[in-house]
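To be precise, the following lines are run.cif, and they hold mmCIF, C-alpha atoms.
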data_work
#
loop_
_atom_site.label_atom_id
_atom_site.label_comp_id
_atom_site.auth_asym_id
_atom_site.auth_seq_id
_atom_site.Cartn_x
_atom_site.Cartn_y
_atom_site.Cartn_z
CA MET W 1 77.18 63.12 18.66
CA GLY W 2 74.53 61.06 16.91
CA TYR W 3 71.94 61.73 19.60
CA ASN W 4 72.51 65.47 19.30
CA ALA W 5 72.24 65.38 15.48
CA GLN W 6 69.41 62.92 14.88
CA LEU W 7 68.26 62.69 11.27
CA ARG W 8 64.64 63.40 12.22
CA ASN W 9 65.66 66.73 13.73
CA ILE W 10 67.48 68.19 10.74
CA ASP W 11 66.44 69.44 7.31
CA PRO W 12 65.10 66.45 5.27
CA ALA W 13 67.13 67.27 2.16
CA PHE W 14 70.32 67.62 4.17
CA ALA W 15 69.52 64.40 6.06
CA ALA W 16 69.03 62.47 2.83
CA CYS W 17 72.28 63.80 1.39
CA ALA W 18 74.21 62.97 4.57
CA VAL W 19 72.82 59.43 4.62
CA GLN W 20 73.68 58.81 0.96
CA VAL W 21 77.26 59.98 1.50
CA GLU W 22 77.67 57.67 4.51
CA LEU W 23 76.12 54.71 2.70
CA GLU W 24 78.48 55.11 -0.25
CA ARG W 25 81.50 55.24 2.06
CA VAL W 26 80.32 52.30 4.17
CA ALA W 27 79.53 50.14 1.15
CA GLU W 28 82.96 50.81 -0.35
CA SER W 29 84.84 50.32 2.93
CA TYR W 30 83.08 47.22 4.25
CA GLY W 31 82.78 44.74 1.43
CA ALA W 32 80.83 45.97 -1.60
CA ARG W 33 82.58 44.76 -4.76
CA GLN W 34 79.81 45.42 -7.24
CA ASP W 35 78.36 48.59 -8.59
CA ILE W 36 75.34 49.50 -6.51
CA PRO W 37 72.26 50.53 -8.53
CA ASP W 38 70.74 53.91 -7.76
CA THR W 39 67.49 52.20 -6.86
CA VAL W 40 69.28 50.23 -4.10
CA PHE W 41 70.93 53.34 -2.71
CA SER W 42 67.58 55.14 -2.82
CA GLU W 43 65.82 52.33 -0.96
CA CYS W 44 68.63 52.09 1.61
CA THR W 45 68.44 55.85 2.15
CA GLN W 46 64.68 55.70 2.69
CA LEU W 47 65.12 52.73 5.03
CA VAL W 48 67.47 54.74 7.22
CA LEU W 49 65.31 57.88 7.16
CA SER W 50 62.07 56.04 7.92
CA LYS W 51 63.15 53.29 10.34
CA PHE W 52 66.33 54.65 11.89
CA SER W 53 65.69 58.40 11.98
CA GLY W 54 66.78 58.51 15.62
CA LEU W 55 70.35 57.93 14.49
CA GLY W 56 72.84 60.56 13.44
CA ALA W 57 74.33 60.07 9.98
CA ASN W 58 77.74 59.47 11.57
CA GLU W 59 76.35 56.44 13.41
CA ILE W 60 75.92 54.45 10.21
CA ARG W 61 79.68 54.19 9.92
CA GLU W 62 79.99 53.51 13.66
CA ALA W 63 77.56 50.60 13.31
CA TYR W 64 79.71 49.00 10.62
CA ARG W 65 82.87 49.62 12.61
CA MET W 66 81.32 47.80 15.57
CA LYS W 67 80.22 44.95 13.30
CA ALA W 68 83.73 44.65 11.87
CA ALA W 69 85.14 44.58 15.41
CA GLY W 70 82.72 41.85 16.45
CA GLU W 71 80.95 44.14 18.91
CA LEU W 72 77.42 43.66 17.53
CA GLU W 73 76.11 40.54 19.19
CA SER W 74 72.51 40.31 18.00
CA ILE W 75 72.76 40.13 14.20
CA PRO W 76 70.73 37.08 13.08
CA LYS W 77 72.80 34.31 11.52
CA GLY W 78 73.11 34.73 7.78
CA ARG W 79 72.26 38.43 7.83
CA GLY W 80 74.50 41.46 8.03
CA GLU W 81 76.99 40.14 5.46
CA MET W 82 77.56 41.48 1.94
CA TRP W 83 77.27 38.10 0.26
CA GLY W 84 79.16 38.16 -3.01
CA GLY W 85 80.11 41.75 -2.33
CA SER W 86 76.50 42.89 -2.74
CA PHE W 87 75.30 45.78 -0.63
CA ASN W 88 71.53 45.85 -0.03
CA ALA W 89 68.78 47.11 2.26
CA ASP W 90 68.39 43.80 4.10
CA GLN W 91 72.06 43.70 5.04
CA LEU W 92 71.99 47.37 6.09
CA GLY W 93 68.85 46.86 8.16
CA ALA W 94 70.35 43.87 10.01
CA VAL W 95 73.46 45.85 10.97
CA LEU W 96 71.58 48.96 12.08
CA THR W 97 69.00 46.95 14.05
CA ALA W 98 71.75 45.19 16.00
CA TYR W 99 73.49 48.51 16.53
CA MET W 100 70.30 50.12 17.81
CA GLU W 101 69.87 47.42 20.45
CA GLN W 102 73.28 48.15 21.95
CA ARG W 103 72.91 51.87 21.37
CA ARG W 104 69.82 51.96 23.60
CA LYS W 105 71.89 50.74 26.55
CA ALA W 106 74.67 53.25 25.91
CA LEU W 107 72.18 56.05 25.27
CA GLY W 108 70.34 55.26 28.50
CA ALA W 109 73.60 55.54 30.45
CA TYR W 110 74.48 58.74 28.58
CA LEU W 111 71.12 60.37 29.31
CA ARG W 112 71.30 59.38 32.98
CA HIS W 113 74.77 60.91 33.13
CA LYS W 114 73.54 64.13 31.49
CA GLN W 115 70.61 64.27 33.91
CA GLU W 116 72.97 63.85 36.85
CA GLU W 117 75.18 66.60 35.44
CA MET W 118 72.18 68.92 35.09
CA GLU W 119 71.01 68.17 38.62
CA ALA W 120 74.52 68.71 39.99
CA ALA W 121 74.79 72.01 38.12
CA GLU W 122 71.42 73.13 39.46
CA LYS W 123 72.41 72.22 43.01
CA ALA W 124 75.63 74.18 42.54
CA ARG W 125 73.66 77.21 41.29
CA ILE W 126 71.27 76.98 44.26
CA LYS W 127 74.18 76.68 46.66
CA GLN W 128 75.87 79.67 45.04
CA ARG W 129 72.71 81.77 45.33
CA GLN W 130 72.29 80.74 48.96
CA GLN W 131 75.92 81.63 49.68
CA GLU W 132 75.54 85.01 48.01
CA ALA W 133 72.37 85.68 50.02
CA PHE W 134 74.13 84.69 53.25
CA ASP W 135 77.09 86.92 52.41
CA ARG W 136 74.72 89.88 51.96
CA GLU W 137 72.90 89.14 55.23
CA PHE W 138 75.97 88.29 57.30
CA PRO W 139 76.78 91.83 58.58
CA ALA W 140 73.17 92.23 59.74
CA LEU W 141 73.24 88.83 61.46
CA ILE W 142 76.38 89.79 63.35
CA ALA W 143 74.92 93.17 64.32
CA LYS W 144 71.72 91.50 65.57
CA MET W 145 73.73 89.03 67.65
CA GLN W 146 75.82 91.83 69.15
CA GLU W 147 72.69 93.76 70.06
CA ASN W 148 70.59 90.94 71.50
CA ALA W 149 72.97 88.32 72.96
CA LYS W 150 72.95 88.29 76.76
CA ASP W 151 75.28 85.28 77.06
CA TRP W 152 76.85 82.57 74.92
CA ARG W 153 73.57 80.68 74.56
CA ASP W 154 72.17 83.57 72.47
CA CYS W 155 74.96 83.18 69.87
CA PRO W 156 74.09 80.98 66.85
CA PHE W 157 76.94 78.48 66.56
CA TRP W 158 76.56 78.39 62.77
CA LEU W 159 77.84 81.97 62.53
CA PHE W 160 81.23 80.90 63.88
CA GLU W 161 82.67 79.46 60.66
CA ALA W 162 81.74 82.51 58.59
CA ALA W 163 83.08 84.88 61.22
CA TRP W 164 86.33 82.92 61.44
CA LYS W 165 86.83 82.90 57.68
CA ARG W 166 86.28 86.67 57.56
CA GLY W 167 88.93 87.28 60.18
CA LEU W 168 86.51 88.57 62.82
CA ILE W 169 87.90 86.17 65.43
CA ARG W 170 91.48 86.14 66.72
CA LEU W 171 92.58 83.68 69.40
CA GLU W 172 95.65 84.01 71.57
CA PRO W 173 97.98 81.00 72.02
CA GLY W 174 96.28 78.44 74.24
CA GLU W 175 92.94 80.27 74.19
CA LYS W 176 91.28 77.69 71.93
CA GLU W 177 92.10 74.89 74.36
CA SER W 178 90.91 76.98 77.31
CA ILE W 179 87.56 77.73 75.65
CA LEU W 180 87.09 74.09 74.71
CA GLU W 181 87.73 72.98 78.30
CA ASP W 182 85.14 75.46 79.55
CA ALA W 183 82.75 74.12 76.94
CA ARG W 184 83.31 70.52 78.08
CA GLN W 185 82.38 71.45 81.63
CA LEU W 186 79.24 73.21 80.41
CA ALA W 187 78.27 70.28 78.18
CA ARG W 188 78.63 67.86 81.09
CA LEU W 189 76.67 70.21 83.34
CA GLU W 190 73.86 70.37 80.75
CA ALA W 191 73.60 66.58 80.71
CA GLN W 192 73.58 66.41 84.50
CA ASN W 193 70.93 69.13 84.76
CA ALA W 194 68.74 67.39 82.19
CA TYR W 195 68.84 64.21 84.24
CA ALA W 196 68.20 66.03 87.51
CA GLU W 197 65.23 67.96 86.09
CA ALA W 198 63.72 64.80 84.63
CA GLU W 199 64.20 62.97 87.91
CA GLU W 200 62.53 65.79 89.81
CA ALA W 201 59.60 66.01 87.38
CA GLY W 202 59.06 62.23 87.29
CA GLY W 203 56.84 60.38 84.85
CA LEU W 204 59.41 60.02 82.05
CA GLY W 205 59.73 56.28 82.43
CA VAL W 206 62.64 54.01 83.19
CA PHE W 207 63.91 53.85 79.61
CA ARG W 208 64.06 57.64 79.19
CA MET W 209 65.76 58.13 82.52
CA ARG W 210 68.29 55.48 81.56
CA GLU W 211 69.04 57.36 78.33
CA LEU W 212 69.52 60.64 80.19
CA ARG W 213 71.82 58.94 82.66
CA LYS W 214 73.79 57.37 79.84
CA ALA W 215 74.20 60.79 78.19
CA ILE W 216 76.14 61.99 81.24
CA GLU W 217 78.72 59.26 80.72
CA ASP W 218 78.80 59.34 76.90
CA GLU W 219 82.15 61.04 76.21
CA LYS W 220 81.59 61.25 72.46
CA SER W 221 78.28 63.06 72.87
CA ILE W 222 79.75 65.34 75.52
CA GLU W 223 82.67 66.19 73.23
CA ALA W 224 80.40 66.87 70.24
CA ARG W 225 78.20 69.15 72.33
CA ALA W 226 81.28 70.85 73.79
CA ARG W 227 82.55 71.77 70.34
CA THR W 228 79.23 73.43 69.54
CA ILE W 229 79.26 75.31 72.84
CA ALA W 230 82.88 76.35 72.22
CA ARG W 231 81.82 78.08 69.02
CA GLN W 232 79.08 79.91 70.87
CA ILE W 233 81.42 80.95 73.69
CA THR W 234 83.96 82.20 71.17
CA LEU W 235 81.36 84.28 69.34
CA TYR W 236 80.19 85.80 72.58
CA ARG W 237 83.64 86.61 73.92
CA LYS W 238 85.26 87.78 70.70
CA ILE W 239 82.41 89.52 68.91
CA VAL W 240 79.65 90.38 71.35
CA ILE W 241 81.64 91.45 74.42
CA THR W 242 84.40 93.17 72.43
CA LYS W 243 82.12 95.06 70.04
#
Take the structure from the file and write it as structure tokens.
Amino acid sequence: MGYNAQLRNIDPAFAACAVQVELERVAESYGARQDIPDTVFSECTQLVLSKFSGLGANEIREAYRMKAAGELESIPKGRGEMWGGSFNADQLGAVLTAYMEQRRKALGAYLRHKQEEMEAAEKARIKQRQQEAFDREFPALIAKMQENAKDWRDCPFWLFEAAWKRGLIRLEPGEKESILEDARQLARLEAQNAYAEAEEAGGLGVFRMRELRKAIEDEKSIEARARTIARQITLYRKIVITK
């Protein structure tokens, strides 16, 4: 609240009035037992406006609350107390200086948090715009795939999720498993063909050939590739062929 209502950013007359009101309340609540001369209040007000104008008026009271709770750790010994119940500029300055030191840490964390919120909101807006653009283009993307796809390899796998969500794909019981099994065989065949072609071409080196050979036996990679192929097969069978 204080950061968003800094004294330097509001009307000077209003700022001075707000500071005076807070100083009177703070002095009365936190130890002043003597009448405070107008000259002292005036000097204290000018001290706040000139040296602590980055504060909000409400933070004066917060500073004294933190002092009373023992949360201000950097007040020099012998300062910050209303000795004999006397409120003065030196005591006020000591409290606000200690408060400012801890405030900087909290304000830094607050500003970082606000920046992160702004960045997250901007990312969300970008994502929303991208989604809206994709939604507009989706029918044309499907039509283009239907017109140009000669087999499953011509079907962009990334269209599967959108097509599924829009109810364009319906699978019979057991059909998902059947498609995935076909995809596994194709994925394994791809790996075998890649190795055979490299072996025939030669010149790839022992290390590369070893990697290609390993890919044939890597069940996790085969399964991952099979799931991608399964999406492409499904698009081809359910949307391209049945158009």
field: Test item: residues at most 8 Å from stretch 183-185 of chain W, all atoms listed in the file, excluding those fewer than 2 positions along its chain, as a PyMOL selection string
entry: chain W and resi 179-181+187-189+222-223+225-227+229-230+233
query: For the file shown, what are the residues hit by the PyMOL selection byres ((chain W and resi 38) around 12), laid out as a PyMOL selection string?
result: chain W and resi 20+23-24+35-37+39-45+87-88
- request: Determine, counting all atoms listed in the file, which protein, DNA and RNA residues have an atom within 10 Å of an atom of W:Ile241; residues of the same chain fewer than 6 positions away are not included. Present the result as a list in words.
  value: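 Counting all atoms listed in the file, the residues come to Gln146, Ala149, Lys150, Asp151 and Leu235 of chain W.
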field: Residue nearest W:Glu172 - candidates W:Lys238, W:Leu55, W:Glu28, W:Arg136, atoms counted: all atoms listed in the file
entry: W:Lys238
- prompt: So which residues touch stretch 68-75 of chain W within 10 Å, counting only C-alpha atoms, skipping near sequence neighbours fewer than 4 positions away, as a count of residues only?
  reply: 18
Explicit residues for the PyMOL selection byres ((chain W and resi 215) around 12) (as a PDB file with C-alpha atoms, keeping the file's coordinate frame):
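This is the output file out_21.pdb:
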ATOM      1  CA  ALA W 187      78.270  70.280  78.180  1.00  0.00           C
ATOM      2  CA  ARG W 188      78.630  67.860  81.090  1.00  0.00           C
ATOM      3  CA  LEU W 189      76.670  70.210  83.340  1.00  0.00           C
ATOM      4  CA  GLU W 190      73.860  70.370  80.750  1.00  0.00           C
ATOM      5  CA  ALA W 191      73.600  66.580  80.710  1.00  0.00           C
ATOM      6  CA  GLN W 192      73.580  66.410  84.500  1.00  0.00           C
ATOM      7  CA  ASN W 193      70.930  69.130  84.760  1.00  0.00           C
ATOM      8  CA  ALA W 194      68.740  67.390  82.190  1.00  0.00           C
ATOM      9  CA  TYR W 195      68.840  64.210  84.240  1.00  0.00           C
ATOM     10  CA  ARG W 208      64.060  57.640  79.190  1.00  0.00           C
ATOM     11  CA  MET W 209      65.760  58.130  82.520  1.00  0.00           C
ATOM     12  CA  ARG W 210      68.290  55.480  81.560  1.00  0.00           C
ATOM     13  CA  GLU W 211      69.040  57.360  78.330  1.00  0.00           C
ATOM     14  CA  LEU W 212      69.520  60.640  80.190  1.00  0.00           C
ATOM     15  CA  ARG W 213      71.820  58.940  82.660  1.00  0.00           C
ATOM     16  CA  LYS W 214      73.790  57.370  79.840  1.00  0.00           C
ATOM     17  CA  ILE W 216      76.140  61.990  81.240  1.00  0.00           C
ATOM     18  CA  GLU W 217      78.720  59.260  80.720  1.00  0.00           C
ATOM     19  CA  ASP W 218      78.800  59.340  76.900  1.00  0.00           C
ATOM     20  CA  GLU W 219      82.150  61.040  76.210  1.00  0.00           C
ATOM     21  CA  LYS W 220      81.590  61.250  72.460  1.00  0.00           C
ATOM     22  CA  SER W 221      78.280  63.060  72.870  1.00  0.00           C
ATOM     23  CA  ILE W 222      79.750  65.340  75.520  1.00  0.00           C
ATOM     24  CA  GLU W 223      82.670  66.190  73.230  1.00  0.00           C
ATOM     25  CA  ALA W 224      80.400  66.870  70.240  1.00  0.00           C
ATOM     26  CA  ARG W 225      78.200  69.150  72.330  1.00  0.00           C
TER      27      ARG W 225
END
task: Using only C-alpha atoms, find the one residue out of W:Gln46, W:Asn148, W:Gln115, W:Gln128 that sits nearest to W:Leu92.
output: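 Result for the nearest residue to W:Leu92: W:Gln46.
In this structure, atom CA of W:Ala198 sits 24.1 Å away from atom CA of W:Trp152.
With distances taken from (88.6, 84.4, 67.7) and restricted to only C-alpha atoms, the residues inside 8 Å are W:Trp164, W:Leu168, W:Ile169, W:Arg170, W:Leu171, W:Thr234, W:Leu235, W:Lys238.
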- prompt: Which residues fall under the PyMOL selection byres ((chain W and resi 58) around 12) in this file, as a ChimeraX atom specification?
  reply: /W:1-7,15,18-23,25-26,54-57,59-65
Save the residues we just selected, C-alpha atoms, as a PDB file, in the coordinates of the input?
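Okay, selection_1.pdb is ready:
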ATOM      1  CA  MET W   1      77.180  63.120  18.660  1.00  0.00           C
ATOM      2  CA  GLY W   2      74.530  61.060  16.910  1.00  0.00           C
ATOM      3  CA  TYR W   3      71.940  61.730  19.600  1.00  0.00           C
ATOM      4  CA  ASN W   4      72.510  65.470  19.300  1.00  0.00           C
ATOM      5  CA  ALA W   5      72.240  65.380  15.480  1.00  0.00           C
ATOM      6  CA  GLN W   6      69.410  62.920  14.880  1.00  0.00           C
ATOM      7  CA  LEU W   7      68.260  62.690  11.270  1.00  0.00           C
ATOM      8  CA  ALA W  15      69.520  64.400   6.060  1.00  0.00           C
ATOM      9  CA  ALA W  18      74.210  62.970   4.570  1.00  0.00           C
ATOM     10  CA  VAL W  19      72.820  59.430   4.620  1.00  0.00           C
ATOM     11  CA  GLN W  20      73.680  58.810   0.960  1.00  0.00           C
ATOM     12  CA  VAL W  21      77.260  59.980   1.500  1.00  0.00           C
ATOM     13  CA  GLU W  22      77.670  57.670   4.510  1.00  0.00           C
ATOM     14  CA  LEU W  23      76.120  54.710   2.700  1.00  0.00           C
ATOM     15  CA  ARG W  25      81.500  55.240   2.060  1.00  0.00           C
ATOM     16  CA  VAL W  26      80.320  52.300   4.170  1.00  0.00           C
ATOM     17  CA  GLY W  54      66.780  58.510  15.620  1.00  0.00           C
ATOM     18  CA  LEU W  55      70.350  57.930  14.490  1.00  0.00           C
ATOM     19  CA  GLY W  56      72.840  60.560  13.440  1.00  0.00           C
ATOM     20  CA  ALA W  57      74.330  60.070   9.980  1.00  0.00           C
ATOM     21  CA  GLU W  59      76.350  56.440  13.410  1.00  0.00           C
ATOM     22  CA  ILE W  60      75.920  54.450  10.210  1.00  0.00           C
ATOM     23  CA  ARG W  61      79.680  54.190   9.920  1.00  0.00           C
ATOM     24  CA  GLU W  62      79.990  53.510  13.660  1.00  0.00           C
ATOM     25  CA  ALA W  63      77.560  50.600  13.310  1.00  0.00           C
ATOM     26  CA  TYR W  64      79.710  49.000  10.620  1.00  0.00           C
ATOM     27  CA  ARG W  65      82.870  49.620  12.610  1.00  0.00           C
TER      28      ARG W  65
END
query: Which residue out of W:Arg112, W:Glu147, W:Leu186, W:Lys176 has the minimum interatomic distance to W:Thr242 when only C-alpha atoms are used?
result: W:Glu147
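Among the candidates W:Ala27, W:Ala16, W:Ala196, W:Ala120, the one nearest to W:Leu49 when counting all atoms listed in the file is W:Ala16.
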- line: A straight line from atom CA of W:Pro156 to atom CA of W:Phe134 spans 14.1 Å
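Each of W:Glu200, W:Phe160, W:Ile142, W:Asn9 was compared to W:Val240 using only C-alpha atoms, and W:Ile142 turns out to be the nearest.
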- request: Between atom CA of W:Gly108 and atom CA of W:Pro12, measure the distance and give it in Å to one decimal.
  value: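 Atom CA of W:Pro12 lies 26.3 Å from atom CA of W:Gly108.
Of the residues under consideration (W:Ala162, W:Met145, W:Ala109, W:Ala201), W:Met145 shows the shortest atom-to-atom contact distance to W:Tyr236 when counting only C-alpha atoms.
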As JSON, please: the centre and edge lengths in Å, to one decimal, of an axis-aligned box enclosing every listed atom of stretch 32-48 of chain W with 4 Å added on each side.
{"center_x": 73.6, "center_y": 50.3, "center_z": -0.7, "size_x": 25.9, "size_y": 19.1, "size_z": 23.8}
